[in-house]
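A quick write-up on the structure given underneath.
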Amino acid sequence: MWGVTKIAAAALAAVAGLLLADAASAAVVIVDAKANSSGGGVGKVTGVVLAAGQHFTVSVDPNDLWSAGALPRWANANGLVQNLFATGSDESGQAAGVQIGAPFGLWNQGGLSAPYASLVGRIGGSYHLLGAGFDGVAWDVGELSLFFWDENNFDNSQSVTATVAALPGVPEPATWAMMIAGFGLVGMSLRSRRPALA
């Protein structure tokens with residue numbers, strides 16, 4: 001009887017461990033245009049580990065700017081995709097109305113073609129464009145790293161703050177099987193402990 005109880009307890013502990021490992025996680029990280037550039041820097045490690053197909057979001061304030069070099073190369077995390085004009089109080093330090101950003105084309109690296117100065121994520125060995133607002137699923141398994149997308153980092157400046165949130169994934173079939181087995185063993189254990197009817 002005690003053997004069944006111990007097995008049931010172990011099965012439930014294993015299931016609890018699997019579910020906790022699959023729990024939601026979040027991080028707020030500062031991604032630096034120079035230090036975390038895809039061209040000469042290293043990715044900003046987020047600490048968020050994702051399973052392939054797991055839902056997650058990345059958000060950056062669209063008014064948070066960084067630069068790929070001399071004017072007009074200021075952009076938000078969406079990259080150099082549109083004309084951008086200084087507000088007089090943004091990171092560029094330029095007077096209000098001065099053009100600080102303009103479309104600059106795409107940079108191709110690691111199998112991804114994305115706008116210069118955009119926020120890009122890497123999971124495993126694969127890159128994906130995130131921009132200022134990503135809401136989708138992980139394209140590979142592993143820890144998410146973030147990059148300023150650029151061919152070199154010598155003239156990059158400033159940083160953006162990214163909020164990453166990963167939702168718990170749906171339990172795998174093996175997890176469901178362990179849960180069912182654990183609950184079955186608990187049921188058998190409780191049933192065997194009932195006093196016999198007179």
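Going by the structure tokens order, chains are called A, B, ..., each with residues numbered from 1, while ligands are numbered from 1 in the order shown.
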Problem set entry | All residues 6 Å or closer to Ala96 in chain A, only C-alpha atoms, same chain fewer than 2 positions away omitted, as a PyMOL selection string | chain A and resi 86-88+98
Per residue of range 51-137 of chain A within 8 Å of range 154-158 of chain A, which atom pair is closest and at what distance in Å (one decimal), using only C-alpha atoms, listed by chain and increasing number, as CSV?
residue,atom,partner,partner_atom,distance
A:Leu65,CA,A:Gln158,CA,7.3
A:Trp66,CA,A:Gln158,CA,4.8
A:Ser67,CA,A:Ser157,CA,5.2
A:Ala68,CA,A:Asn156,CA,4.6
A:Gly69,CA,A:Asp155,CA,4.9
A:Ala70,CA,A:Asp155,CA,7.7
A:Glu91,CA,A:Gln158,CA,7.6
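Looking only at range 33-70 of chain A, the set that DSSP places in strand (DSSP E) from backbone geometry is Lys44, Val45, Thr46, Gly47, Val48, Val49, Leu50, His55, Phe56, Thr57, Val58, Ser59, Val60, Trp66 and Ser67 of chain A.
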Go ahead and save the picked residues with all heavy atoms, as a tab-separated table (two decimals), in the first residue's frame.
chain	number	residue	atom	x	y	z
A	44	LYS	N	21.52	40.55	-26.62
A	44	LYS	CA	21.11	40.80	-25.24
A	44	LYS	C	20.31	39.60	-24.76
A	44	LYS	O	19.22	39.30	-25.26
A	44	LYS	CB	20.26	42.08	-25.14
A	44	LYS	CG	19.77	42.37	-23.75
A	44	LYS	CD	20.92	42.73	-22.82
A	44	LYS	CE	20.42	43.12	-21.45
A	44	LYS	NZ	21.50	43.61	-20.59
A	45	VAL	N	20.84	38.88	-23.79
A	45	VAL	CA	20.18	37.70	-23.25
A	45	VAL	C	19.01	38.16	-22.39
A	45	VAL	O	19.15	39.05	-21.55
A	45	VAL	CB	21.18	36.86	-22.42
A	45	VAL	CG1	20.49	35.71	-21.75
A	45	VAL	CG2	22.31	36.38	-23.31
A	46	THR	N	17.84	37.57	-22.61
A	46	THR	CA	16.64	37.99	-21.88
A	46	THR	C	16.35	37.13	-20.65
A	46	THR	O	15.62	37.55	-19.77
A	46	THR	CB	15.41	37.94	-22.79
A	46	THR	OG1	15.17	36.59	-23.18
A	46	THR	CG2	15.59	38.83	-24.01
A	47	GLY	N	16.88	35.91	-20.64
A	47	GLY	CA	16.53	34.99	-19.55
A	47	GLY	C	15.21	34.27	-19.77
A	47	GLY	O	14.79	33.46	-18.96
A	48	VAL	N	14.55	34.57	-20.88
A	48	VAL	CA	13.27	33.93	-21.20
A	48	VAL	C	13.53	32.75	-22.13
A	48	VAL	O	14.00	32.93	-23.25
A	48	VAL	CB	12.29	34.93	-21.85
A	48	VAL	CG1	11.00	34.23	-22.27
A	48	VAL	CG2	11.99	36.07	-20.89
A	49	VAL	N	13.25	31.55	-21.65
A	49	VAL	CA	13.46	30.33	-22.43
A	49	VAL	C	12.12	29.89	-22.99
A	49	VAL	O	11.12	29.79	-22.26
A	49	VAL	CB	14.07	29.20	-21.55
A	49	VAL	CG1	14.24	27.93	-22.36
A	49	VAL	CG2	15.41	29.67	-20.99
A	50	LEU	N	12.09	29.62	-24.27
A	50	LEU	CA	10.84	29.32	-24.97
A	50	LEU	C	10.86	27.95	-25.61
A	50	LEU	O	11.91	27.48	-26.05
A	50	LEU	CB	10.59	30.38	-26.05
A	50	LEU	CG	10.42	31.82	-25.54
A	50	LEU	CD1	10.65	32.80	-26.68
A	50	LEU	CD2	9.05	32.00	-24.93
A	55	HIS	N	3.67	30.84	-27.16
A	55	HIS	CA	3.24	32.22	-27.40
A	55	HIS	C	4.04	33.18	-26.52
A	55	HIS	O	4.22	32.93	-25.34
A	55	HIS	CB	1.75	32.35	-27.10
A	55	HIS	CG	1.20	33.70	-27.37
A	55	HIS	ND1	0.25	34.29	-26.59
A	55	HIS	CD2	1.45	34.60	-28.36
A	55	HIS	CE1	-0.06	35.48	-27.06
A	55	HIS	NE2	0.67	35.69	-28.14
A	56	PHE	N	4.52	34.28	-27.13
A	56	PHE	CA	5.21	35.30	-26.35
A	56	PHE	C	5.03	36.66	-27.02
A	56	PHE	O	4.64	36.76	-28.18
A	56	PHE	CB	6.70	34.97	-26.16
A	56	PHE	CG	7.57	35.19	-27.37
A	56	PHE	CD1	8.40	36.30	-27.46
A	56	PHE	CD2	7.60	34.26	-28.41
A	56	PHE	CE1	9.23	36.49	-28.57
A	56	PHE	CE2	8.42	34.45	-29.51
A	56	PHE	CZ	9.24	35.57	-29.59
A	57	THR	N	5.28	37.70	-26.24
A	57	THR	CA	5.17	39.06	-26.76
A	57	THR	C	6.45	39.84	-26.43
A	57	THR	O	7.12	39.55	-25.44
A	57	THR	CB	3.97	39.81	-26.16
A	57	THR	OG1	4.14	39.90	-24.74
A	57	THR	CG2	2.65	39.11	-26.47
A	58	VAL	N	6.75	40.81	-27.28
A	58	VAL	CA	7.84	41.74	-27.03
A	58	VAL	C	7.30	43.13	-27.36
A	58	VAL	O	6.74	43.33	-28.44
A	58	VAL	CB	9.08	41.45	-27.91
A	58	VAL	CG1	10.17	42.48	-27.66
A	58	VAL	CG2	9.60	40.04	-27.66
A	59	SER	N	7.45	44.07	-26.43
A	59	SER	CA	6.96	45.42	-26.69
A	59	SER	C	8.00	46.46	-26.31
A	59	SER	O	8.73	46.30	-25.33
A	59	SER	CB	5.65	45.68	-25.93
A	59	SER	OG	5.84	45.53	-24.55
A	60	VAL	N	8.08	47.50	-27.14
A	60	VAL	CA	8.98	48.63	-26.93
A	60	VAL	C	8.18	49.89	-27.20
A	60	VAL	O	7.44	49.97	-28.18
A	60	VAL	CB	10.20	48.56	-27.89
A	60	VAL	CG1	11.10	49.78	-27.70
A	60	VAL	CG2	10.98	47.28	-27.71
A	66	TRP	N	16.77	54.83	-30.97
A	66	TRP	CA	18.19	54.53	-31.03
A	66	TRP	C	18.71	54.91	-32.41
A	66	TRP	O	17.92	55.24	-33.29
A	66	TRP	CB	18.49	53.10	-30.67
A	66	TRP	CG	17.71	52.01	-31.38
A	66	TRP	CD1	16.88	52.12	-32.46
A	66	TRP	CD2	17.69	50.63	-31.01
A	66	TRP	NE1	16.36	50.90	-32.81
A	66	TRP	CE2	16.83	49.96	-31.93
A	66	TRP	CE3	18.31	49.88	-30.03
A	66	TRP	CZ2	16.58	48.59	-31.86
A	66	TRP	CZ3	18.07	48.52	-29.97
A	66	TRP	CH2	17.22	47.89	-30.88
A	67	SER	N	20.04	54.88	-32.58
A	67	SER	CA	20.60	55.40	-33.83
A	67	SER	C	21.59	54.44	-34.48
A	67	SER	O	22.38	53.79	-33.79
A	67	SER	CB	21.31	56.73	-33.55
A	67	SER	OG	21.98	57.19	-34.70
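Using only C-alpha atoms, the protein and nucleic acid residues lying no more than 9 Å from Gly125 in chain A, apart from those fewer than 3 places from it along its own chain, are Gly110, Arg122 and Asp140 of chain A.
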Export N, CA and C atoms of the chosen residues as a compact mmCIF listing (two decimals), in the first residue's frame?
# COMPACT_ATOMS: atom_id res chain seq x y z
N GLY A 110 22.24 36.06 -41.45
CA GLY A 110 21.75 34.85 -40.78
C GLY A 110 20.43 34.33 -41.30
N ARG A 122 16.54 36.29 -31.56
CA ARG A 122 17.13 35.02 -31.97
C ARG A 122 16.76 33.96 -30.94
N ASP A 140 11.58 28.55 -32.66
CA ASP A 140 12.56 27.53 -32.34
C ASP A 140 12.53 27.34 -30.83
Counting only C-alpha atoms, what is within 12 Å of Asn152 in chain A, bar same-chain residues fewer than 5 positions away, as a compact mmCIF listing (two decimals) with N, CA and C atoms, in the first residue's frame?
# COMPACT_ATOMS: atom_id res chain seq x y z
N ALA A 33 22.21 49.68 -28.82
CA ALA A 33 22.45 49.70 -30.26
C ALA A 33 23.88 49.33 -30.62
N LYS A 34 24.82 49.61 -29.77
CA LYS A 34 26.22 49.31 -30.05
C LYS A 34 26.60 47.92 -29.51
N ALA A 35 26.41 47.71 -28.22
CA ALA A 35 26.83 46.46 -27.58
C ALA A 35 26.03 45.26 -28.07
N ASN A 36 24.76 45.48 -28.43
CA ASN A 36 23.89 44.38 -28.84
C ASN A 36 23.59 44.39 -30.33
N SER A 37 24.48 45.00 -31.12
CA SER A 37 24.31 45.03 -32.57
C SER A 37 24.59 43.65 -33.16
N SER A 38 23.82 43.29 -34.19
CA SER A 38 24.07 42.02 -34.89
C SER A 38 25.36 42.09 -35.70
N GLY A 39 25.86 43.31 -35.92
CA GLY A 39 27.09 43.49 -36.68
C GLY A 39 28.21 43.99 -35.78
N GLY A 40 28.76 43.12 -34.97
CA GLY A 40 29.90 43.48 -34.12
C GLY A 40 29.63 43.43 -32.63
N GLY A 41 28.39 43.26 -32.24
CA GLY A 41 28.06 43.14 -30.82
C GLY A 41 27.64 41.71 -30.49
N VAL A 42 27.04 41.56 -29.32
CA VAL A 42 26.49 40.25 -28.91
C VAL A 42 25.03 40.47 -28.54
N ALA A 68 21.55 54.41 -35.81
CA ALA A 68 22.50 53.62 -36.60
C ALA A 68 23.62 54.49 -37.14
N GLY A 69 23.73 55.75 -36.69
CA GLY A 69 24.83 56.60 -37.14
C GLY A 69 24.38 58.02 -37.43
N TRP A 107 18.81 44.90 -44.18
CA TRP A 107 20.09 44.25 -43.94
C TRP A 107 19.84 42.74 -43.90
N GLN A 109 21.19 39.07 -42.95
CA GLN A 109 22.15 38.37 -42.10
C GLN A 109 21.50 37.13 -41.49
N TYR A 116 17.21 47.97 -41.34
CA TYR A 116 18.31 48.45 -40.49
C TYR A 116 17.71 49.09 -39.23
N ALA A 117 18.39 48.91 -38.11
CA ALA A 117 18.04 49.51 -36.83
C ALA A 117 16.75 48.95 -36.22
N SER A 157 24.35 54.24 -31.44
CA SER A 157 24.23 54.84 -30.12
C SER A 157 22.82 54.68 -29.56
Problem set entry | Residue with smallest distance to Trp149 in chain A - pool A:Leu80, A:Ala95, A:Ala102, A:Val120, counting only C-alpha atoms | A:Val120
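Backbone DSSP of range 10-111 of chain A yields alpha helix (DSSP H) at Ala10, Ala11, Leu12, Ala13, Ala14, Val15, Ala16, Gly17, Leu18, Leu19, Leu20 and Ala21 of chain A.
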Exercise. From the list A:Gly121, A:Pro168, A:Gly131, A:Gly53, which residue is nearest Phe147 in chain A when using only C-alpha atoms?
Worked result: A:Gly121
For this session: Considering only C-alpha atoms, return as a list in words whatever protein or nucleic-acid residues lie within 10 Å of Ala132 in chain A, sequence-local ones (same chain, fewer than 6 positions apart) excluded.
Result: Val58, Ser59, Val60, Asp61, Pro62, Asn63, Asp64, Asn76, Ala77, Asn78, Gly79, Ser118, Leu119, Val120, Val160, Thr161, Ala162 and Thr163 of chain A
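One finds CA of Asp90 in chain A at 20.0 Å from CA of Val29 in chain A.
Between CA of Asp32 in chain A and CA of Gly93 in chain A there is a distance of 17.7 Å.
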